[in-house]
Each structure stands twice: as structure tokens, then as C-alpha cells.
$ cat upload-v3.cif   # mmCIF, C-alpha atoms
data_my_file
loop_
_atom_site.label_atom_id
_atom_site.label_comp_id
_atom_site.auth_asym_id
_atom_site.auth_seq_id
_atom_site.Cartn_x
_atom_site.Cartn_y
_atom_site.Cartn_z
CA MET A 3 -17.79 -29.32 -46.56
CA ASP A 4 -20.80 -27.99 -44.63
CA ASN A 5 -19.53 -29.32 -41.30
CA ALA A 6 -15.86 -28.78 -42.06
CA THR A 7 -13.79 -25.99 -40.55
CA VAL A 8 -11.10 -24.39 -42.64
CA SER A 9 -8.30 -22.50 -40.89
CA LEU A 10 -5.56 -20.52 -42.55
CA VAL A 11 -2.20 -21.11 -40.84
CA PRO A 12 0.76 -19.07 -42.10
CA SER A 13 3.71 -21.09 -43.30
CA ALA A 14 6.83 -21.38 -41.17
CA GLN A 15 8.75 -19.29 -43.68
CA ALA A 16 6.35 -16.37 -43.20
CA LEU A 17 6.89 -16.37 -39.40
CA GLU A 18 10.56 -15.62 -39.04
CA SER A 19 10.17 -13.27 -36.06
CA LEU A 20 7.73 -12.15 -33.41
CA ASP A 21 7.01 -9.01 -35.44
CA ASP A 22 5.89 -11.18 -38.36
CA TYR A 23 3.63 -13.17 -36.04
CA LEU A 24 1.96 -10.04 -34.62
CA ARG A 25 1.62 -8.46 -38.06
CA LEU A 26 -0.17 -11.49 -39.46
CA LEU A 27 -2.23 -12.57 -36.44
CA GLY A 28 -2.43 -9.32 -34.45
CA PRO A 29 -6.02 -8.39 -35.48
CA ALA A 30 -7.28 -11.88 -34.62
CA LEU A 31 -5.53 -11.80 -31.25
CA ALA A 32 -6.99 -8.37 -30.48
CA GLU A 33 -10.51 -9.59 -31.26
CA ARG A 34 -10.02 -12.65 -29.07
CA ILE A 35 -8.72 -10.55 -26.14
CA VAL A 36 -11.67 -8.13 -26.34
CA GLU A 37 -14.07 -11.06 -26.59
CA SER A 38 -12.54 -12.86 -23.59
CA PHE A 39 -11.98 -9.75 -21.45
CA PRO A 40 -14.58 -7.09 -22.29
CA PRO A 41 -13.68 -3.61 -21.00
CA LEU A 42 -15.42 -2.31 -17.89
CA HIS A 43 -15.99 0.99 -19.68
CA GLY A 44 -15.87 1.14 -23.45
CA VAL A 45 -14.89 4.00 -25.71
CA GLU A 46 -18.51 4.43 -26.81
CA ASP A 47 -19.83 4.63 -23.21
CA LEU A 48 -20.63 7.99 -21.68
CA VAL A 49 -18.31 9.41 -19.02
CA SER A 50 -19.53 10.79 -15.71
CA PRO A 51 -20.59 14.46 -15.71
CA LEU A 52 -18.59 14.84 -12.49
CA LEU A 53 -15.42 14.96 -14.58
CA ALA A 54 -16.52 18.40 -15.78
CA ARG A 55 -16.30 19.67 -12.18
CA LEU A 56 -12.58 18.92 -11.92
CA ARG A 57 -10.18 21.86 -12.06
CA ARG A 58 -8.26 20.08 -14.81
CA GLU A 59 -9.94 18.39 -17.77
CA PRO A 60 -8.57 14.87 -18.33
CA TYR A 61 -7.60 13.81 -21.83
CA PRO A 62 -10.00 11.34 -23.48
CA ALA A 63 -7.68 8.41 -22.76
CA GLN A 64 -7.36 9.52 -19.13
CA ALA A 65 -11.14 9.90 -18.81
CA LEU A 66 -11.55 6.37 -20.17
CA ALA A 67 -9.10 5.07 -17.57
CA VAL A 68 -10.88 7.00 -14.81
CA MET A 69 -14.23 5.45 -15.66
CA GLY A 70 -12.63 2.01 -15.83
CA VAL A 71 -11.23 2.45 -12.31
CA VAL A 72 -14.64 3.68 -11.08
CA ARG A 73 -16.38 0.64 -12.53
CA ARG A 74 -13.77 -1.59 -10.94
CA LEU A 75 -14.27 0.04 -7.52
CA GLU A 76 -17.99 -0.61 -7.84
CA GLN A 77 -17.23 -4.34 -8.08
CA SER A 78 -14.17 -4.69 -5.88
CA ARG A 79 -12.27 -2.93 -3.10
CA SER A 80 -9.14 -2.23 -5.12
CA ALA A 81 -7.99 -1.16 -8.56
CA ALA A 82 -4.58 -0.67 -10.15
CA VAL A 83 -3.45 1.94 -12.66
CA VAL A 84 -0.37 0.71 -14.50
CA ALA A 85 1.24 3.07 -17.02
CA GLU A 86 4.51 4.74 -17.91
CA CYS A 87 5.77 7.93 -16.29
CA GLY A 88 4.05 11.06 -17.57
CA THR A 89 0.75 9.44 -18.51
CA GLY A 90 -1.15 11.08 -15.64
CA LYS A 91 -1.56 8.27 -13.11
CA THR A 92 -1.89 10.76 -10.25
CA LEU A 93 -4.63 12.66 -12.10
CA ILE A 94 -6.40 9.38 -12.87
CA ALA A 95 -6.27 8.30 -9.22
CA LEU A 96 -7.58 11.64 -7.90
CA ALA A 97 -10.33 11.87 -10.51
CA SER A 98 -11.38 8.26 -9.88
CA ILE A 99 -11.79 8.95 -6.17
CA PHE A 100 -13.80 12.10 -6.89
CA VAL A 101 -16.14 10.37 -9.34
CA HIS A 102 -16.59 7.26 -7.22
CA SER A 103 -17.49 9.38 -4.18
CA ARG A 104 -20.12 11.10 -6.36
CA GLY A 105 -18.69 14.51 -5.55
CA ARG A 106 -19.26 14.17 -1.80
CA HIS A 107 -16.52 14.90 0.72
CA PHE A 108 -14.23 12.01 1.52
CA THR A 109 -10.94 11.18 3.22
CA ALA A 110 -8.13 9.54 1.25
CA LEU A 111 -4.75 8.28 2.42
CA VAL A 112 -1.85 8.46 -0.05
CA LEU A 113 1.33 6.42 0.46
CA THR A 114 3.98 7.57 -1.98
CA PRO A 115 7.77 7.62 -2.41
CA PRO A 116 9.38 10.57 -0.58
CA HIS A 117 10.26 12.51 -3.73
CA LEU A 118 6.59 12.51 -4.85
CA VAL A 119 5.01 13.79 -1.64
CA GLU A 120 4.83 17.47 -2.65
CA LYS A 121 3.94 16.53 -6.24
CA TRP A 122 0.88 14.69 -4.97
CA ALA A 123 -0.08 17.74 -2.90
CA ARG A 124 0.26 20.12 -5.87
CA GLU A 125 -1.73 17.88 -8.18
CA ALA A 126 -4.46 17.46 -5.56
CA PHE A 127 -4.89 21.26 -5.38
CA GLN A 128 -4.80 21.56 -9.16
CA THR A 129 -7.32 18.76 -9.72
CA LEU A 130 -9.94 18.55 -6.97
CA PRO A 131 -12.25 21.48 -6.19
CA GLY A 132 -12.29 22.59 -2.54
CA VAL A 133 -9.82 19.94 -1.39
CA ARG A 134 -7.79 20.18 1.82
CA VAL A 135 -4.41 18.48 1.92
CA PHE A 136 -2.58 17.24 5.02
CA MET A 137 0.94 15.91 5.45
CA ILE A 138 1.53 13.09 7.94
CA ASP A 139 4.95 13.94 9.37
CA GLY A 140 4.93 11.19 11.99
CA LEU A 141 3.38 10.47 15.35
CA ARG A 142 5.78 12.52 17.44
CA SER A 143 9.40 13.54 17.59
CA ASP A 144 11.69 14.02 20.60
CA ARG A 145 13.95 16.31 18.61
CA PRO A 146 13.27 20.06 18.64
CA HIS A 147 12.56 21.98 15.42
CA THR A 148 11.53 18.87 13.51
CA LEU A 149 8.24 18.23 11.75
CA SER A 150 5.80 15.93 13.51
CA GLY A 151 2.11 15.19 13.68
CA VAL A 152 -0.39 15.99 10.93
CA ASN A 153 -0.02 19.40 9.26
CA GLU A 154 -2.27 21.05 6.72
CA VAL A 155 -0.52 22.45 3.64
CA LYS A 156 -1.44 25.15 1.13
CA LEU A 157 -0.26 25.96 -2.39
CA ARG A 158 1.43 29.38 -2.35
CA ASN A 159 3.16 30.62 -5.52
CA ARG A 160 3.33 27.04 -6.77
CA ARG A 161 5.09 25.99 -3.59
CA ILE A 162 3.77 23.73 -0.82
CA VAL A 163 3.86 25.39 2.59
CA ARG A 164 2.62 24.04 5.91
CA GLU A 165 -0.18 26.35 6.95
CA GLY A 166 -3.52 25.76 8.63
CA LEU A 167 -4.75 22.99 10.90
CA LYS A 168 -2.19 21.18 13.05
CA THR A 169 -3.10 17.93 14.78
CA THR A 170 -1.80 14.42 15.41
CA LEU A 171 -2.83 10.90 14.52
CA THR A 172 -3.44 10.14 18.18
CA GLU A 173 -5.85 13.08 18.30
CA LEU A 174 -7.64 12.08 15.09
CA ARG A 175 -8.45 8.64 16.44
CA LEU A 176 -10.45 10.05 19.39
CA ARG A 177 -14.19 10.64 19.10
CA ASN A 178 -14.51 13.12 22.00
CA GLY A 179 -18.26 12.87 22.46
CA HIS A 180 -19.09 12.13 18.83
CA ARG A 181 -20.44 8.86 17.50
CA SER A 182 -17.05 7.98 16.04
CA ALA A 183 -13.69 9.52 15.22
CA ARG A 184 -14.80 9.91 11.62
CA ALA A 185 -17.98 11.73 12.67
CA ARG A 186 -15.86 14.09 14.72
CA TRP A 187 -13.62 14.74 11.70
CA ASN A 188 -16.65 15.42 9.50
CA ALA A 189 -17.68 18.12 11.97
CA VAL A 190 -14.22 19.72 11.65
CA CYS A 191 -13.70 19.31 7.90
CA ASP A 192 -16.69 19.33 5.52
CA SER A 193 -14.66 19.11 2.30
CA PRO A 194 -12.61 16.42 0.56
CA ALA A 195 -9.39 15.70 2.47
CA ILE A 196 -6.20 14.09 1.20
CA PHE A 197 -3.66 12.78 3.74
CA ILE A 198 -0.20 12.21 2.23
CA VAL A 199 2.70 10.35 3.83
CA GLY A 200 6.05 9.33 2.40
CA ARG A 201 6.68 5.63 2.18
CA GLU A 202 9.84 5.71 4.27
CA ARG A 203 8.30 7.95 6.94
CA ALA A 204 5.22 5.71 7.11
CA LYS A 205 7.39 2.71 7.94
CA LEU A 206 9.68 4.60 10.35
CA SER A 207 9.35 2.61 13.55
CA HIS A 208 11.22 2.05 16.80
CA PHE A 209 14.88 1.15 17.07
CA TRP A 210 15.43 -2.54 17.69
CA LYS A 211 18.03 -4.86 19.14
CA HIS A 212 18.69 -8.58 19.11
CA ALA A 213 16.97 -10.69 21.77
CA TYR A 214 18.44 -14.02 22.77
CA ASN A 215 19.69 -15.80 25.90
CA VAL A 216 22.89 -17.63 26.70
CA ALA A 217 22.30 -20.90 28.57
CA ARG A 218 24.15 -20.84 31.91
CA CYS A 219 23.73 -24.51 32.76
CA GLY A 220 22.42 -27.79 31.40
CA ARG A 221 23.35 -29.53 28.18
CA TYR A 222 23.14 -26.24 26.25
CA ALA A 223 25.45 -24.31 28.62
CA GLY A 224 27.25 -21.52 26.81
CA SER A 225 25.06 -21.80 23.70
CA ILE A 226 22.75 -19.18 22.19
CA VAL A 227 19.15 -20.25 22.93
CA ASN A 228 15.72 -18.96 21.97
CA PRO A 229 14.06 -17.15 24.93
CA ASP A 230 10.71 -18.75 24.07
CA SER A 231 11.86 -22.37 23.84
CA GLY A 232 15.12 -22.43 25.78
CA CYS A 233 16.67 -24.47 22.96
CA PRO A 234 19.43 -23.58 20.48
CA VAL A 235 18.46 -22.18 17.11
CA TYR A 236 19.60 -24.29 14.17
CA LEU A 237 20.36 -22.79 10.76
CA GLY A 238 19.63 -24.43 7.43
CA ALA A 239 19.44 -28.07 6.56
CA ASP A 240 22.91 -28.74 7.97
CA GLY A 241 21.65 -28.10 11.49
CA GLU A 242 24.42 -25.70 12.56
CA ARG A 243 23.73 -23.80 15.75
CA LEU A 244 23.32 -20.04 15.75
CA ILE A 245 26.30 -18.20 17.28
CA ARG A 246 26.93 -14.59 18.28
CA SER A 247 28.59 -13.69 15.00
CA ASP A 248 25.38 -14.58 13.14
CA PHE A 249 23.56 -11.67 14.80
CA LYS A 250 24.34 -8.75 12.52
CA ASP A 251 22.10 -5.98 11.12
CA VAL A 252 19.36 -8.44 10.17
CA LYS A 253 16.28 -9.35 12.19
CA LEU A 254 16.28 -13.07 12.89
CA ALA A 255 13.32 -15.21 13.87
CA GLU A 256 12.32 -18.85 14.29
CA TRP A 257 9.13 -20.84 13.79
CA LEU A 258 8.41 -23.13 16.73
CA GLY A 259 6.21 -26.21 16.55
CA GLY A 260 4.07 -27.00 13.55
CA GLU A 261 5.13 -30.67 13.48
CA PRO A 262 2.98 -33.07 15.58
CA ASP A 263 4.58 -35.53 17.98
CA GLU A 264 3.79 -39.27 17.96
CA SER A 265 0.76 -39.01 20.27
CA GLU A 266 -0.73 -36.20 18.21
CA GLN A 267 -0.12 -38.11 14.99
CA MET A 268 -2.20 -40.97 16.38
CA LYS A 269 -5.06 -38.54 17.05
CA GLY A 270 -4.70 -36.79 13.71
CA LYS A 271 -3.85 -33.45 15.32
CA ARG A 272 -1.24 -30.91 14.34
CA ARG A 273 0.49 -28.30 16.46
CA ARG A 274 0.05 -24.66 15.59
CA ALA A 275 3.33 -23.04 14.52
CA LEU A 276 4.52 -20.13 16.69
CA TYR A 277 6.50 -17.23 15.29
CA SER A 278 9.32 -16.43 17.70
CA ALA A 279 11.20 -13.19 16.98
CA LEU A 280 14.82 -13.00 18.06
CA TRP A 281 14.65 -9.20 18.26
CA GLN A 282 12.79 -6.60 20.31
CA ALA A 283 12.31 -2.85 20.62
CA ASP A 284 15.24 -0.94 22.11
CA ARG A 285 13.79 1.08 24.98
CA THR A 286 17.07 2.95 25.55
CA LYS A 287 16.57 4.95 22.32
CA ILE A 288 13.80 7.13 20.88
CA HIS A 289 10.38 5.54 21.26
CA ARG A 290 8.65 5.58 17.88
CA PHE A 291 5.59 3.99 16.34
CA ALA A 292 5.26 3.55 12.58
CA PRO A 293 2.41 5.79 11.28
CA ALA A 294 1.28 3.12 8.82
CA GLU A 295 1.01 0.54 11.60
CA PHE A 296 -0.77 3.04 13.87
CA ILE A 297 -3.36 3.83 11.19
CA ALA A 298 -3.98 0.16 10.43
CA ARG A 299 -4.37 -0.76 14.10
CA TYR A 300 -6.15 2.22 15.66
CA MET A 301 -7.93 4.05 12.81
CA PRO A 302 -9.99 1.46 10.91
CA GLY A 303 -12.75 3.04 8.86
CA PHE A 304 -11.36 6.57 9.14
CA PHE A 305 -10.21 6.70 5.50
CA ASP A 306 -12.59 6.07 2.62
CA TYR A 307 -9.82 5.54 0.08
CA SER A 308 -6.14 4.70 0.13
CA SER A 309 -3.69 5.09 -2.74
CA ARG A 310 -0.23 3.59 -3.02
CA THR A 311 2.28 4.83 -5.57
CA LYS A 312 5.07 2.57 -6.76
CA CYS A 313 7.99 3.57 -8.95
CA THR A 314 9.50 0.82 -11.09
CA ASN A 315 12.05 0.82 -13.85
#

$ encode --input "upload-v3.cif" --output "C-alpha cells"
Amino acid sequence: MDNATVSLVPSAQALESLDDYLRLLGPALAERIVESFPPLHGVEDLVSPLLARLRREPYPAQALAVMGVVRRLEQSRSAAVVAECGTGKTLIALASIFVHSRGRHFTALVLTPPHLVEKWAREAFQTLPGVRVFMIDGLRSDRPHTLSGVNEVKLRNRRIVREGLKTTLTELRLRNGHRSARARWNAVCDSPAIFIVGRERAKLSHFWKHAYNVARCGRYAGSIVNPDSGCPVYLGADGERLIRSDFKDVKLAEWLGGEPDESEQMKGKRRRALYSALWQADRTKIHRFAPAEFIARYMPGFFDYSSRTKCTN
């Protein structure tokens, strides 16, 4: 029996439910999980002394999560905090950024559902020492008495009020004699800065309209055709042509090419597929540019951190 392996398998009668399975084999499963996936920061490991500089002291479980996120950010560019409502995910995110930046000033972009915008601002003031908070209210607005641009906010009597620096995203992206736009911002703000934008406002873009042509001659006369190819657009496997009634409140598009012709098949080549949108911006209405798209296109490297909040059931 020296080389034999003995395993104890519960009988089928003892495993009548999932609860019975976890009760009998739970400790062994837990040991196997810890062995296969060791924690980035264990309970016995020391936490960063920077946590003591926060204006709110995290609970031990929150501090453990913070250090786990910090260790993850040291290895990768992203980390996720998944927990139920009320467990302090916002505190964990803010503390993780503070610890990972080693207490130095930073810029962070927060994308959150609209009903959590002011909550993020309040928790930032209550958590981070010396932080400045800014609301991104859009690029611009053609309507009077509406919020636009980037506005600094303060916490007054537990209420968020817009007070302080007022600027715009288009202004922030300019370097104006400095080495970069970020260097110019560092000269203006020498403390941690949190920029918060609501998810719906971040995606608020231009109005759009359908874009298609109607063939006036040829074999497709009177048919709806793609402006890029001049050919009708076929729907589904049945090959039915697109008609006017198909253009409703949904953006339609077509992929052109991608399949090689006979000559290209002989040469082993393949055409590159082309995305052809059947919609375009409506220039007769308000001209808008989505703040999220503007930041991604024109402000690379301006933000050190970005946080995205998702609410799920």
C-alpha cells in the first residue's frame, strides 16, 4: 500500500443537495482554490502606511481589497472591484488610486451613472486629503443657462456646489507654451484632481439622420442603394432588399467586401472589409461632440487613472 492512493468519496445518499456537497467538500475546495489562485495580498501581509493619511479609515476587509487592487495595478493596467451595494467600492477605488500613486498628486477620470455623480464627489472630499473635484458638464451648449464645460465643485454643508475653477475640455487639451497639456495642468493644479462625468452625458453626441441614396437610373432605379457602393443593401439570409420603411430609429450599417473574387483566390489574397454606415451627423441641429470620445481622441495621457462604475441587479 506504499504506492497506493486512498481517496474518500462520499456516498450518493450523503449528497442529496448542493448544500450537502459544499458542507462535506467545502474545506477541500477552499484549499484547492487558494493553492491554485494565491491572493495578491494576504491577510497576514502589511498594508501601506499611506492608508493612515486618508480622511476615512477603511475597515480591515476594505484595506485588504485596496492592497489587492494596488498589487494588481502594479502588474496590469486595470483592476475590477466586484461587490454588493454598500460594501464601499467607491472608497476602495479612491484609496487604491491614492496608495498606488504613492501619495503624489494625480488626475483621475470617473465615469459613473448619473445618480452617482454627486455621491462620488462627496466621497472624494471625505476620503482624499487635499483633493480637488471637477464636474465635466459637456463640451459646450448652445442653450442659455445650462451647465457646460468643466466646473470645479466644493462640499458646502454636505451639498455639492459648483464653485471655483471654470474651464473646458478644449482648453485643457492645449499646452500653451508648456511641454504638454498635462505639464500645463500641473502648473495650475498641484493637488490630486478627480474629474467626474455621468455616463449618459459622456456619451451625449451629435444628432444623426439616415444616409442613403435612391438610384435614379440603371438596373437599380428606384431602389435604396448604399452611397459607398451604389448597390442595394440586402437584409438577412433571404436576401431581401432594404426599403424606406426599414429606416426607423436604429442606426443601420453594412460591411462591404471581405470576400475575395476568383482572381484574388488564385493569388491567395483577401479583400479588407469596409464598414459603411448608413447614417451621418445632422448638421441642421445642435452640433455636439461626445466628451468621452473627445477625451479618448484628443487627450491621451492627460489622466493617470480612470474609473468606471457599473450598477447591476

$ residues_around --input "upload-v3.cif" --residues "A:Asp251" --least-positions-apart "2" --cutoff "12 Å" --atoms "all atoms listed in the file" --output "number ranges by chain"
A: 209-212, 247-249, 253-254, 281

$ closest_residue --input "upload-v3.cif" --among "A:Gly166, A:Gly44, A:Gly259, A:Pro194" --to "A:Phe100" --atoms "only C-alpha atoms"
A:Pro194

$ resolve_selection --input "upload-v3.cif" --expression "the PyMOL selection byres ((chain A and resi 182-186) around 12)" --output "VMD selection string"
chain A and resid 108 to 109 171 to 181 187 to 192 300 to 306

$ atom_distance --input "upload-v3.cif" --atom1 "atom CA of A:Arg134" --atom2 "atom CA of A:Arg106"
13.4 Å

$ atom_distance --input "upload-v3.cif" --atom1 "atom CA of A:Val227" --atom2 "atom CA of A:Lys287"
25.3 Å

$ atom_distance --input "upload-v3.cif" --atom1 "atom CA of A:Arg203" --atom2 "atom CA of A:Thr170"
14.7 Å

$ decode --input "upload-v3.cif" --residues "stretch 207-225 of chain A" --atoms "N, CA and C atoms" --output "tab-separated table (two decimals), in the first residue's frame"
chain	number	residue	atom	x	y	z
A	207	SER	N	-23.82	62.77	-27.85
A	207	SER	CA	-23.13	63.16	-29.07
A	207	SER	C	-24.08	63.95	-29.97
A	208	HIS	N	-23.71	64.08	-31.23
A	208	HIS	CA	-24.48	64.85	-32.18
A	208	HIS	C	-25.79	64.14	-32.53
A	209	PHE	N	-26.74	64.91	-33.04
A	209	PHE	CA	-27.93	64.30	-33.62
A	209	PHE	C	-27.53	63.63	-34.94
A	210	TRP	N	-28.27	62.64	-35.34
A	210	TRP	CA	-27.93	61.92	-36.55
A	210	TRP	C	-29.18	61.70	-37.41
A	211	LYS	N	-28.93	61.35	-38.65
A	211	LYS	CA	-30.01	61.07	-39.59
A	211	LYS	C	-29.55	59.95	-40.52
A	212	HIS	N	-30.50	59.32	-41.15
A	212	HIS	CA	-30.19	58.23	-42.08
A	212	HIS	C	-29.50	58.78	-43.32
A	213	ALA	N	-28.63	58.00	-43.90
A	213	ALA	CA	-27.89	58.40	-45.11
A	213	ALA	C	-27.96	57.27	-46.12
A	214	TYR	N	-28.70	57.50	-47.17
A	214	TYR	CA	-28.79	56.54	-48.26
A	214	TYR	C	-29.19	57.28	-49.52
A	215	ASN	N	-29.02	56.65	-50.66
A	215	ASN	CA	-29.40	57.22	-51.96
A	215	ASN	C	-30.50	56.39	-52.60
A	216	VAL	N	-31.21	57.01	-53.50
A	216	VAL	CA	-32.21	56.32	-54.30
A	216	VAL	C	-31.73	56.35	-55.75
A	217	ALA	N	-31.49	55.18	-56.31
A	217	ALA	CA	-30.98	55.09	-57.69
A	217	ALA	C	-31.99	55.70	-58.66
A	218	ARG	N	-31.50	56.60	-59.52
A	218	ARG	CA	-32.38	57.30	-60.47
A	218	ARG	C	-32.39	56.66	-61.86
A	219	CYS	N	-31.46	55.74	-62.09
A	219	CYS	CA	-31.40	55.09	-63.39
A	219	CYS	C	-30.67	53.76	-63.22
A	220	GLY	N	-30.55	53.02	-64.30
A	220	GLY	CA	-29.87	51.74	-64.25
A	220	GLY	C	-30.77	50.63	-63.76
A	221	ARG	N	-30.18	49.47	-63.52
A	221	ARG	CA	-30.97	48.30	-63.14
A	221	ARG	C	-31.50	48.40	-61.71
A	222	TYR	N	-30.94	49.36	-60.91
A	222	TYR	CA	-31.43	49.53	-59.55
A	222	TYR	C	-32.32	50.77	-59.42
A	223	ALA	N	-32.84	51.28	-60.50
A	223	ALA	CA	-33.64	52.51	-60.49
A	223	ALA	C	-34.81	52.38	-59.51
A	224	GLY	N	-34.92	53.38	-58.64
A	224	GLY	CA	-35.99	53.40	-57.66
A	224	GLY	C	-35.69	52.65	-56.39
A	225	SER	N	-34.55	51.97	-56.31
A	225	SER	CA	-34.20	51.18	-55.13
A	225	SER	C	-33.31	51.99	-54.18
